[in-house]
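Okay, query38.cif is below, mmCIF, N, CA and C atoms:
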data_query
#
loop_
_atom_site.label_atom_id
_atom_site.label_comp_id
_atom_site.auth_asym_id
_atom_site.auth_seq_id
_atom_site.Cartn_x
_atom_site.Cartn_y
_atom_site.Cartn_z
N MET A 1 149.32 283.15 -18.00
CA MET A 1 148.44 283.17 -19.18
C MET A 1 149.13 283.97 -20.27
N SER A 2 149.02 283.52 -21.49
CA SER A 2 149.72 284.17 -22.59
C SER A 2 149.10 285.52 -22.92
N LYS A 3 149.91 286.36 -23.54
CA LYS A 3 149.45 287.70 -23.94
C LYS A 3 148.30 287.61 -24.96
N ALA A 4 148.40 286.63 -25.88
CA ALA A 4 147.36 286.47 -26.91
C ALA A 4 146.01 286.14 -26.27
N SER A 5 146.02 285.25 -25.27
CA SER A 5 144.75 284.88 -24.64
C SER A 5 144.19 286.07 -23.87
N LEU A 6 145.06 286.86 -23.24
CA LEU A 6 144.57 288.05 -22.54
C LEU A 6 143.94 289.02 -23.52
N SER A 7 144.53 289.15 -24.71
CA SER A 7 143.96 290.07 -25.68
C SER A 7 142.62 289.54 -26.20
N LEU A 8 142.47 288.23 -26.29
CA LEU A 8 141.18 287.66 -26.68
C LEU A 8 140.12 287.97 -25.62
N LEU A 9 140.51 287.84 -24.36
CA LEU A 9 139.58 288.15 -23.28
C LEU A 9 139.22 289.63 -23.31
N ASN A 10 140.23 290.48 -23.52
CA ASN A 10 139.98 291.93 -23.61
C ASN A 10 139.09 292.25 -24.80
N LEU A 11 139.35 291.61 -25.93
CA LEU A 11 138.56 291.81 -27.14
C LEU A 11 137.09 291.52 -26.86
N ALA A 12 136.83 290.47 -26.10
CA ALA A 12 135.46 290.08 -25.78
C ALA A 12 134.89 290.89 -24.62
N GLY A 13 135.75 291.66 -23.95
CA GLY A 13 135.30 292.44 -22.81
C GLY A 13 134.98 291.59 -21.59
N VAL A 14 135.72 290.49 -21.42
CA VAL A 14 135.50 289.61 -20.27
C VAL A 14 136.80 289.43 -19.49
N LYS A 15 136.64 289.07 -18.24
CA LYS A 15 137.79 288.77 -17.39
C LYS A 15 137.96 287.25 -17.36
N PRO A 16 139.15 286.77 -16.96
CA PRO A 16 139.32 285.31 -16.84
C PRO A 16 138.20 284.73 -15.97
N TYR A 17 137.67 283.60 -16.38
CA TYR A 17 136.54 282.98 -15.68
C TYR A 17 137.00 282.46 -14.32
N GLN A 18 136.25 282.75 -13.31
CA GLN A 18 136.54 282.27 -11.96
C GLN A 18 135.48 281.24 -11.57
N PRO A 19 135.81 279.95 -11.66
CA PRO A 19 134.82 278.93 -11.31
C PRO A 19 134.46 279.02 -9.83
N LYS A 20 133.19 278.79 -9.55
CA LYS A 20 132.72 278.79 -8.16
C LYS A 20 132.86 277.38 -7.60
N LYS A 21 133.04 277.30 -6.30
CA LYS A 21 133.22 276.01 -5.64
C LYS A 21 132.02 275.10 -5.93
N GLY A 22 132.32 273.89 -6.38
CA GLY A 22 131.28 272.90 -6.65
C GLY A 22 130.52 273.13 -7.96
N GLU A 23 130.98 274.10 -8.74
CA GLU A 23 130.31 274.43 -10.00
C GLU A 23 130.51 273.32 -11.02
N GLU A 24 129.45 273.00 -11.76
CA GLU A 24 129.52 271.98 -12.79
C GLU A 24 130.33 272.51 -13.98
N TYR A 25 131.16 271.63 -14.56
CA TYR A 25 131.98 272.00 -15.71
C TYR A 25 131.09 272.24 -16.93
N MET A 26 131.38 273.29 -17.66
CA MET A 26 130.65 273.71 -18.86
C MET A 26 129.16 273.95 -18.59
N ASN A 27 128.93 274.66 -17.49
CA ASN A 27 127.56 275.07 -17.18
C ASN A 27 127.19 276.27 -18.06
N GLU A 28 126.00 276.78 -17.87
CA GLU A 28 125.49 277.85 -18.74
C GLU A 28 126.36 279.11 -18.70
N SER A 29 126.84 279.50 -17.51
CA SER A 29 127.65 280.72 -17.44
C SER A 29 129.01 280.54 -18.11
N GLN A 30 129.59 279.34 -18.01
CA GLN A 30 130.86 279.08 -18.69
C GLN A 30 130.66 279.07 -20.21
N LEU A 31 129.60 278.44 -20.66
CA LEU A 31 129.32 278.41 -22.10
C LEU A 31 129.10 279.82 -22.64
N LEU A 32 128.40 280.65 -21.89
CA LEU A 32 128.17 282.04 -22.29
C LEU A 32 129.49 282.80 -22.36
N HIS A 33 130.36 282.56 -21.38
CA HIS A 33 131.69 283.19 -21.34
C HIS A 33 132.45 282.89 -22.63
N PHE A 34 132.48 281.62 -23.04
CA PHE A 34 133.22 281.24 -24.24
C PHE A 34 132.52 281.69 -25.51
N LYS A 35 131.21 281.74 -25.48
CA LYS A 35 130.48 282.23 -26.65
C LYS A 35 130.82 283.70 -26.90
N LYS A 36 130.93 284.49 -25.82
CA LYS A 36 131.32 285.90 -25.96
C LYS A 36 132.71 286.02 -26.58
N ILE A 37 133.63 285.21 -26.09
CA ILE A 37 135.01 285.25 -26.59
C ILE A 37 135.06 284.89 -28.07
N LEU A 38 134.42 283.78 -28.43
CA LEU A 38 134.45 283.30 -29.82
C LEU A 38 133.74 284.26 -30.76
N THR A 39 132.62 284.81 -30.33
CA THR A 39 131.87 285.74 -31.17
C THR A 39 132.67 287.02 -31.41
N ALA A 40 133.29 287.54 -30.37
CA ALA A 40 134.10 288.76 -30.51
C ALA A 40 135.29 288.50 -31.44
N TRP A 41 135.91 287.35 -31.31
CA TRP A 41 137.05 286.98 -32.15
C TRP A 41 136.62 286.89 -33.61
N HIS A 42 135.49 286.26 -33.85
CA HIS A 42 134.93 286.12 -35.21
C HIS A 42 134.65 287.50 -35.80
N GLU A 43 134.02 288.36 -35.02
CA GLU A 43 133.69 289.71 -35.51
C GLU A 43 134.94 290.51 -35.84
N GLN A 44 135.99 290.35 -35.02
CA GLN A 44 137.24 291.06 -35.28
C GLN A 44 137.85 290.62 -36.61
N ILE A 45 137.81 289.33 -36.90
CA ILE A 45 138.38 288.83 -38.15
C ILE A 45 137.58 289.34 -39.34
N VAL A 46 136.25 289.38 -39.23
CA VAL A 46 135.40 289.90 -40.30
C VAL A 46 135.73 291.37 -40.55
N GLU A 47 135.90 292.13 -39.47
CA GLU A 47 136.25 293.56 -39.59
C GLU A 47 137.58 293.75 -40.30
N GLU A 48 138.57 292.95 -39.92
CA GLU A 48 139.90 293.05 -40.53
C GLU A 48 139.84 292.72 -42.02
N ALA A 49 139.03 291.74 -42.37
CA ALA A 49 138.89 291.37 -43.78
C ALA A 49 138.28 292.53 -44.57
N SER A 50 137.29 293.18 -44.00
CA SER A 50 136.66 294.33 -44.66
C SER A 50 137.67 295.47 -44.84
N ARG A 51 138.48 295.68 -43.80
CA ARG A 51 139.50 296.74 -43.88
C ARG A 51 140.52 296.41 -44.97
N THR A 52 140.88 295.14 -45.09
CA THR A 52 141.84 294.73 -46.11
C THR A 52 141.31 295.02 -47.51
N VAL A 53 140.06 294.65 -47.74
CA VAL A 53 139.46 294.90 -49.06
C VAL A 53 139.47 296.39 -49.36
N ALA A 54 139.04 297.20 -48.40
CA ALA A 54 139.01 298.65 -48.59
C ALA A 54 140.42 299.20 -48.83
N HIS A 55 141.37 298.72 -48.04
CA HIS A 55 142.77 299.18 -48.16
C HIS A 55 143.33 298.84 -49.54
N MET A 56 143.10 297.61 -49.99
CA MET A 56 143.64 297.20 -51.28
C MET A 56 142.99 297.97 -52.42
N ARG A 57 141.72 298.26 -52.29
CA ARG A 57 141.03 299.02 -53.32
C ARG A 57 141.55 300.48 -53.35
N ASP A 58 141.72 301.06 -52.17
CA ASP A 58 142.16 302.45 -52.09
C ASP A 58 143.64 302.63 -52.45
N GLU A 59 144.45 301.65 -52.09
CA GLU A 59 145.90 301.79 -52.28
C GLU A 59 146.39 301.27 -53.62
N ALA A 60 145.55 300.55 -54.33
CA ALA A 60 146.00 299.99 -55.61
C ALA A 60 146.37 301.12 -56.56
N ALA A 61 147.60 301.07 -57.00
CA ALA A 61 148.08 302.11 -57.92
C ALA A 61 148.93 301.44 -58.99
N ASN A 62 148.94 302.05 -60.13
CA ASN A 62 149.75 301.52 -61.21
C ASN A 62 151.05 302.34 -61.25
N PHE A 63 152.00 301.90 -60.42
CA PHE A 63 153.27 302.62 -60.34
C PHE A 63 154.06 302.44 -61.64
N PRO A 64 154.64 303.53 -62.16
CA PRO A 64 155.46 303.40 -63.37
C PRO A 64 156.77 302.64 -63.07
N ASP A 65 157.26 302.77 -61.85
CA ASP A 65 158.51 302.12 -61.49
C ASP A 65 158.24 300.65 -61.13
N PRO A 66 158.89 299.71 -61.82
CA PRO A 66 158.65 298.29 -61.56
C PRO A 66 158.96 297.89 -60.11
N ALA A 67 159.94 298.50 -59.49
CA ALA A 67 160.29 298.17 -58.10
C ALA A 67 159.16 298.58 -57.16
N ASP A 68 158.57 299.75 -57.38
CA ASP A 68 157.45 300.19 -56.56
C ASP A 68 156.24 299.27 -56.75
N ARG A 69 156.01 298.90 -57.98
CA ARG A 69 154.89 298.01 -58.29
C ARG A 69 155.11 296.65 -57.61
N ALA A 70 156.33 296.14 -57.68
CA ALA A 70 156.65 294.85 -57.07
C ALA A 70 156.49 294.91 -55.55
N THR A 71 156.91 296.01 -54.95
CA THR A 71 156.77 296.18 -53.50
C THR A 71 155.30 296.14 -53.11
N GLN A 72 154.48 296.87 -53.85
CA GLN A 72 153.05 296.90 -53.55
C GLN A 72 152.43 295.51 -53.72
N GLU A 73 152.79 294.82 -54.76
CA GLU A 73 152.25 293.48 -54.99
C GLU A 73 152.66 292.53 -53.88
N GLU A 74 153.89 292.65 -53.40
CA GLU A 74 154.35 291.80 -52.30
C GLU A 74 153.57 292.11 -51.01
N GLU A 75 153.35 293.38 -50.74
CA GLU A 75 152.55 293.77 -49.56
C GLU A 75 151.15 293.20 -49.66
N PHE A 76 150.53 293.31 -50.82
CA PHE A 76 149.18 292.77 -51.02
C PHE A 76 149.18 291.25 -50.86
N SER A 77 150.22 290.61 -51.38
CA SER A 77 150.32 289.16 -51.28
C SER A 77 150.39 288.72 -49.81
N LEU A 78 151.22 289.41 -49.02
CA LEU A 78 151.32 289.09 -47.59
C LEU A 78 149.98 289.29 -46.89
N GLU A 79 149.31 290.39 -47.21
CA GLU A 79 148.02 290.68 -46.61
C GLU A 79 147.00 289.59 -46.96
N LEU A 80 146.99 289.17 -48.21
CA LEU A 80 146.05 288.13 -48.64
C LEU A 80 146.36 286.78 -47.99
N ARG A 81 147.64 286.49 -47.80
CA ARG A 81 148.01 285.25 -47.10
C ARG A 81 147.51 285.27 -45.67
N ASN A 82 147.66 286.42 -45.01
CA ASN A 82 147.15 286.55 -43.64
C ASN A 82 145.63 286.37 -43.61
N ARG A 83 144.94 286.98 -44.55
CA ARG A 83 143.48 286.85 -44.59
C ARG A 83 143.06 285.41 -44.85
N ASP A 84 143.83 284.69 -45.67
CA ASP A 84 143.52 283.29 -45.93
C ASP A 84 143.67 282.46 -44.66
N ARG A 85 144.72 282.74 -43.90
CA ARG A 85 144.92 282.06 -42.61
C ARG A 85 143.75 282.36 -41.68
N GLU A 86 143.33 283.62 -41.67
CA GLU A 86 142.20 284.01 -40.82
C GLU A 86 140.89 283.38 -41.30
N ARG A 87 140.75 283.19 -42.61
CA ARG A 87 139.55 282.55 -43.15
C ARG A 87 139.45 281.12 -42.62
N ARG A 88 140.58 280.41 -42.59
CA ARG A 88 140.58 279.05 -42.03
C ARG A 88 140.28 279.08 -40.54
N LEU A 89 140.82 280.08 -39.84
CA LEU A 89 140.54 280.23 -38.42
C LEU A 89 139.05 280.51 -38.19
N MET A 90 138.45 281.32 -39.05
CA MET A 90 137.02 281.62 -38.92
C MET A 90 136.19 280.35 -39.02
N LYS A 91 136.57 279.46 -39.92
CA LYS A 91 135.83 278.18 -40.05
C LYS A 91 135.94 277.39 -38.75
N LYS A 92 137.13 277.40 -38.14
CA LYS A 92 137.32 276.68 -36.88
C LYS A 92 136.50 277.35 -35.76
N ILE A 93 136.46 278.67 -35.76
CA ILE A 93 135.66 279.38 -34.75
C ILE A 93 134.18 279.05 -34.94
N GLU A 94 133.71 279.06 -36.18
CA GLU A 94 132.30 278.75 -36.46
C GLU A 94 131.98 277.32 -36.04
N SER A 95 132.89 276.40 -36.30
CA SER A 95 132.69 275.01 -35.89
C SER A 95 132.63 274.91 -34.36
N THR A 96 133.49 275.66 -33.69
CA THR A 96 133.51 275.66 -32.22
C THR A 96 132.22 276.26 -31.67
N LEU A 97 131.72 277.31 -32.30
CA LEU A 97 130.44 277.91 -31.86
C LEU A 97 129.30 276.89 -31.98
N LYS A 98 129.33 276.06 -33.02
CA LYS A 98 128.31 275.01 -33.16
C LYS A 98 128.44 273.99 -32.04
N LYS A 99 129.70 273.69 -31.65
CA LYS A 99 129.91 272.75 -30.54
C LYS A 99 129.30 273.28 -29.24
N LEU A 100 129.33 274.60 -29.07
CA LEU A 100 128.72 275.20 -27.87
C LEU A 100 127.24 274.87 -27.79
N ASP A 101 126.58 274.80 -28.94
CA ASP A 101 125.14 274.53 -28.98
C ASP A 101 124.81 273.05 -28.80
N THR A 102 125.78 272.18 -29.02
CA THR A 102 125.51 270.74 -28.94
C THR A 102 126.10 270.10 -27.69
N ASP A 103 126.58 270.89 -26.76
CA ASP A 103 127.16 270.40 -25.50
C ASP A 103 128.42 269.57 -25.69
N ASP A 104 129.08 269.69 -26.84
CA ASP A 104 130.34 268.99 -27.06
C ASP A 104 131.53 269.87 -26.70
N PHE A 105 131.30 271.15 -26.49
CA PHE A 105 132.38 272.10 -26.24
C PHE A 105 133.02 271.83 -24.88
N GLY A 106 134.35 271.91 -24.85
CA GLY A 106 135.08 271.80 -23.59
C GLY A 106 135.56 270.39 -23.27
N TYR A 107 135.22 269.44 -24.14
CA TYR A 107 135.64 268.06 -23.91
C TYR A 107 136.53 267.60 -25.05
N CYS A 108 137.55 266.83 -24.71
CA CYS A 108 138.53 266.35 -25.67
C CYS A 108 137.88 265.44 -26.71
N ASP A 109 138.14 265.70 -27.97
CA ASP A 109 137.61 264.88 -29.06
C ASP A 109 138.22 263.48 -29.05
N SER A 110 139.40 263.32 -28.46
CA SER A 110 140.09 262.04 -28.47
C SER A 110 139.71 261.16 -27.27
N CYS A 111 139.80 261.70 -26.06
CA CYS A 111 139.58 260.87 -24.87
C CYS A 111 138.29 261.22 -24.11
N GLY A 112 137.68 262.34 -24.45
CA GLY A 112 136.42 262.72 -23.79
C GLY A 112 136.58 263.44 -22.47
N GLU A 113 137.82 263.63 -22.02
CA GLU A 113 138.06 264.32 -20.75
C GLU A 113 137.85 265.82 -20.91
N GLU A 114 137.70 266.51 -19.77
CA GLU A 114 137.56 267.97 -19.78
C GLU A 114 138.85 268.61 -20.29
N ILE A 115 138.72 269.59 -21.16
CA ILE A 115 139.89 270.31 -21.68
C ILE A 115 140.40 271.29 -20.62
N GLY A 116 139.50 271.93 -19.92
CA GLY A 116 139.87 272.86 -18.85
C GLY A 116 139.64 274.30 -19.25
N ILE A 117 139.18 275.08 -18.28
CA ILE A 117 138.83 276.49 -18.50
C ILE A 117 140.03 277.30 -18.97
N ARG A 118 141.17 277.17 -18.29
CA ARG A 118 142.34 278.00 -18.64
C ARG A 118 142.86 277.68 -20.03
N ARG A 119 142.90 276.42 -20.39
CA ARG A 119 143.35 276.06 -21.74
C ARG A 119 142.39 276.62 -22.78
N LEU A 120 141.11 276.55 -22.51
CA LEU A 120 140.12 277.07 -23.46
C LEU A 120 140.18 278.60 -23.56
N GLU A 121 140.51 279.25 -22.46
CA GLU A 121 140.66 280.71 -22.54
C GLU A 121 141.89 281.08 -23.36
N ALA A 122 142.94 280.28 -23.26
CA ALA A 122 144.15 280.53 -24.03
C ALA A 122 143.94 280.16 -25.50
N ARG A 123 143.15 279.11 -25.75
CA ARG A 123 142.90 278.62 -27.11
C ARG A 123 141.45 278.16 -27.18
N PRO A 124 140.52 279.10 -27.40
CA PRO A 124 139.09 278.76 -27.37
C PRO A 124 138.66 277.71 -28.39
N THR A 125 139.45 277.50 -29.44
CA THR A 125 139.09 276.51 -30.45
C THR A 125 139.74 275.15 -30.18
N ALA A 126 140.38 274.98 -29.03
CA ALA A 126 141.04 273.71 -28.71
C ALA A 126 140.00 272.59 -28.68
N ASP A 127 140.36 271.46 -29.31
CA ASP A 127 139.44 270.32 -29.28
C ASP A 127 140.11 269.08 -28.69
N LEU A 128 141.34 269.26 -28.20
CA LEU A 128 142.05 268.18 -27.52
C LEU A 128 142.53 268.66 -26.15
N CYS A 129 142.50 267.78 -25.16
CA CYS A 129 143.07 268.13 -23.86
C CYS A 129 144.59 268.23 -24.03
N ILE A 130 145.26 268.77 -23.05
CA ILE A 130 146.70 269.00 -23.18
C ILE A 130 147.47 267.68 -23.36
N ASP A 131 147.03 266.62 -22.69
CA ASP A 131 147.73 265.33 -22.81
C ASP A 131 147.61 264.77 -24.23
N CYS A 132 146.40 264.78 -24.78
CA CYS A 132 146.19 264.25 -26.14
C CYS A 132 146.88 265.13 -27.18
N LYS A 133 146.88 266.44 -26.96
CA LYS A 133 147.55 267.35 -27.88
C LYS A 133 149.06 267.10 -27.87
N THR A 134 149.61 266.90 -26.68
CA THR A 134 151.05 266.63 -26.55
C THR A 134 151.41 265.34 -27.29
N LEU A 135 150.59 264.29 -27.09
CA LEU A 135 150.84 263.02 -27.79
C LEU A 135 150.74 263.19 -29.31
N ALA A 136 149.74 263.94 -29.75
CA ALA A 136 149.56 264.19 -31.20
C ALA A 136 150.78 264.91 -31.78
N GLU A 137 151.30 265.88 -31.04
CA GLU A 137 152.48 266.62 -31.51
C GLU A 137 153.72 265.72 -31.57
N ILE A 138 153.85 264.83 -30.58
CA ILE A 138 154.99 263.90 -30.57
C ILE A 138 154.91 262.98 -31.79
N ARG A 139 153.69 262.44 -32.04
CA ARG A 139 153.49 261.56 -33.21
C ARG A 139 153.79 262.32 -34.50
N GLU A 140 153.34 263.57 -34.56
CA GLU A 140 153.57 264.40 -35.75
C GLU A 140 155.07 264.57 -36.02
N LYS A 141 155.83 264.82 -34.95
CA LYS A 141 157.28 265.00 -35.09
C LYS A 141 157.94 263.71 -35.54
N GLN A 142 157.46 262.57 -35.03
CA GLN A 142 158.04 261.28 -35.40
C GLN A 142 157.80 260.98 -36.88
N VAL A 143 156.61 261.29 -37.36
CA VAL A 143 156.26 261.05 -38.75
C VAL A 143 157.05 261.99 -39.67
N ALA A 144 157.17 263.25 -39.26
CA ALA A 144 157.87 264.25 -40.08
C ALA A 144 159.39 264.05 -40.02
N GLY A 145 159.90 263.53 -38.91
CA GLY A 145 161.34 263.42 -38.71
C GLY A 145 161.91 262.29 -39.43
#
For the structure just supplied, provide its representation as structure tokens.
Amino acid sequence: MSKASLSLLNLAGVKPYQPKKGEEYMNESQLLHFKKILTAWHEQIVEEASRTVAHMRDEAANFPDPADRATQEEEFSLELRNRDRERRLMKKIESTLKKLDTDDFGYCDSCGEEIGIRRLEARPTADLCIDCKTLAEIREKQVAG
């Protein structure tokens, strides 16, 4: 399991899900498990955005030296780009949380097959099974190449 997925599980305060023998896929306890992960991830991004706003407000200075001013502007620019990426991720997390409520979560949008617990723990916003995702990436490379 990747380090990022472990940190997501730690962030949510949960351990990797251990399915019980004969357990139905995407039952109530599994859905609750993923809801905890997604909610914690969403809250972390909101917190980071708040910290960024506070940091930029506190650190904004009108440096007399153009090089210092340029350095600060570049740092702010990088921070804002990261926040923009996270804003798009938040939309995907919110969309995934809605899927949890409509029983669409955990199934491939393309073929309808189960995505799988481990893949969802590694990438809770995944909407394609590994086979469909692999095919999509191959097609993407062919079009771009």
Taking all atoms of region 47-61 of chain A that the file lists and extending 5 Å past them on each side, where is the centre of the axis-aligned box and how long are its edges? Answer in Å to one decimal, as AutoDock Vina command-line options.
--center_x 142.4 --center_y 297.0 --center_z -49.2 --size_x 23.0 --size_y 21.3 --size_z 29.5
Exercise for the section: Excluding Met26 (chain A) and any residue of its chain fewer than 4 positions from it, enumerate the residues within 8 Å of it, using all atoms listed in the file, and give them as a ChimeraX atom specification. Expected result: /A:30-32,105-106
Exercise for the section: Evaluate the PyMOL selection byres ((chain A and resi 39-42) around 7) on the structure here and hand back the selected residues as a VMD selection string. Expected result: chain A and resid 8 11 to 12 34 to 38 43 to 47 90 93
What does the file look like for those residues with N, CA and C atoms, as an mmCIF file, in the coordinates of the input?
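Once everything was written out, this is selection_15.cif:
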data_model
loop_
_atom_site.group_PDB
_atom_site.id
_atom_site.type_symbol
_atom_site.label_atom_id
_atom_site.label_comp_id
_atom_site.auth_asym_id
_atom_site.auth_seq_id
_atom_site.Cartn_x
_atom_site.Cartn_y
_atom_site.Cartn_z
ATOM 1 N N LEU A 8 142.470 288.230 -26.290
ATOM 2 C CA LEU A 8 141.180 287.660 -26.680
ATOM 3 C C LEU A 8 140.120 287.970 -25.620
ATOM 4 N N LEU A 11 139.350 291.610 -25.930
ATOM 5 C CA LEU A 11 138.560 291.810 -27.140
ATOM 6 C C LEU A 11 137.090 291.520 -26.860
ATOM 7 N N ALA A 12 136.830 290.470 -26.100
ATOM 8 C CA ALA A 12 135.460 290.080 -25.780
ATOM 9 C C ALA A 12 134.890 290.890 -24.620
ATOM 10 N N PHE A 34 132.480 281.620 -23.040
ATOM 11 C CA PHE A 34 133.220 281.240 -24.240
ATOM 12 C C PHE A 34 132.520 281.690 -25.510
ATOM 13 N N LYS A 35 131.210 281.740 -25.480
ATOM 14 C CA LYS A 35 130.480 282.230 -26.650
ATOM 15 C C LYS A 35 130.820 283.700 -26.900
ATOM 16 N N LYS A 36 130.930 284.490 -25.820
ATOM 17 C CA LYS A 36 131.320 285.900 -25.960
ATOM 18 C C LYS A 36 132.710 286.020 -26.580
ATOM 19 N N ILE A 37 133.630 285.210 -26.090
ATOM 20 C CA ILE A 37 135.010 285.250 -26.590
ATOM 21 C C ILE A 37 135.060 284.890 -28.070
ATOM 22 N N LEU A 38 134.420 283.780 -28.430
ATOM 23 C CA LEU A 38 134.450 283.300 -29.820
ATOM 24 C C LEU A 38 133.740 284.260 -30.760
ATOM 25 N N GLU A 43 134.020 288.360 -35.020
ATOM 26 C CA GLU A 43 133.690 289.710 -35.510
ATOM 27 C C GLU A 43 134.940 290.510 -35.840
ATOM 28 N N GLN A 44 135.990 290.350 -35.020
ATOM 29 C CA GLN A 44 137.240 291.060 -35.280
ATOM 30 C C GLN A 44 137.850 290.620 -36.610
ATOM 31 N N ILE A 45 137.810 289.330 -36.900
ATOM 32 C CA ILE A 45 138.380 288.830 -38.150
ATOM 33 C C ILE A 45 137.580 289.340 -39.340
ATOM 34 N N VAL A 46 136.250 289.380 -39.230
ATOM 35 C CA VAL A 46 135.400 289.900 -40.300
ATOM 36 C C VAL A 46 135.730 291.370 -40.550
ATOM 37 N N GLU A 47 135.900 292.130 -39.470
ATOM 38 C CA GLU A 47 136.250 293.560 -39.590
ATOM 39 C C GLU A 47 137.580 293.750 -40.300
ATOM 40 N N MET A 90 138.450 281.320 -39.050
ATOM 41 C CA MET A 90 137.020 281.620 -38.920
ATOM 42 C C MET A 90 136.190 280.350 -39.020
ATOM 43 N N ILE A 93 136.460 278.670 -35.760
ATOM 44 C CA ILE A 93 135.660 279.380 -34.750
ATOM 45 C C ILE A 93 134.180 279.050 -34.940
#
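Note that the spacing between CA of Glu113 (chain A) and CA of Ser7 (chain A) amounts to 26.9 Å.
Rounded to one decimal, CA of Arg51 (chain A) and atom C of Arg87 (chain A) lie 15.7 Å from each other.
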Exercise for the section: Report the residues retrieved by the PyMOL selection byres ((chain A and resi 118-131) around 6.5) from the displayed file, expressed as a PyMOL selection string. Expected result: chain A and resi 2+4-6+92-93+96+107-110+113-117+132-136
Practice task
Give me every alpha helix (DSSP H) residue in region 4-113 of chain A, going by DSSP on the backbone, as number ranges by chain.
Solution key: A: 4-12, 28-59, 66-101
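Residues surrounding Asn82 (chain A) within 12 Å are A:Ile45, A:Glu48, A:Ala49, A:Thr52, A:Glu75, A:Phe76, A:Arg88, A:Leu89 [only C-alpha atoms; sequence separation below 6 positions excluded].
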Handout entry: Gap from atom N of Ala54 (chain A) to atom C of Ser77 (chain A) - Å, one decimal
Key = 14.2 Å
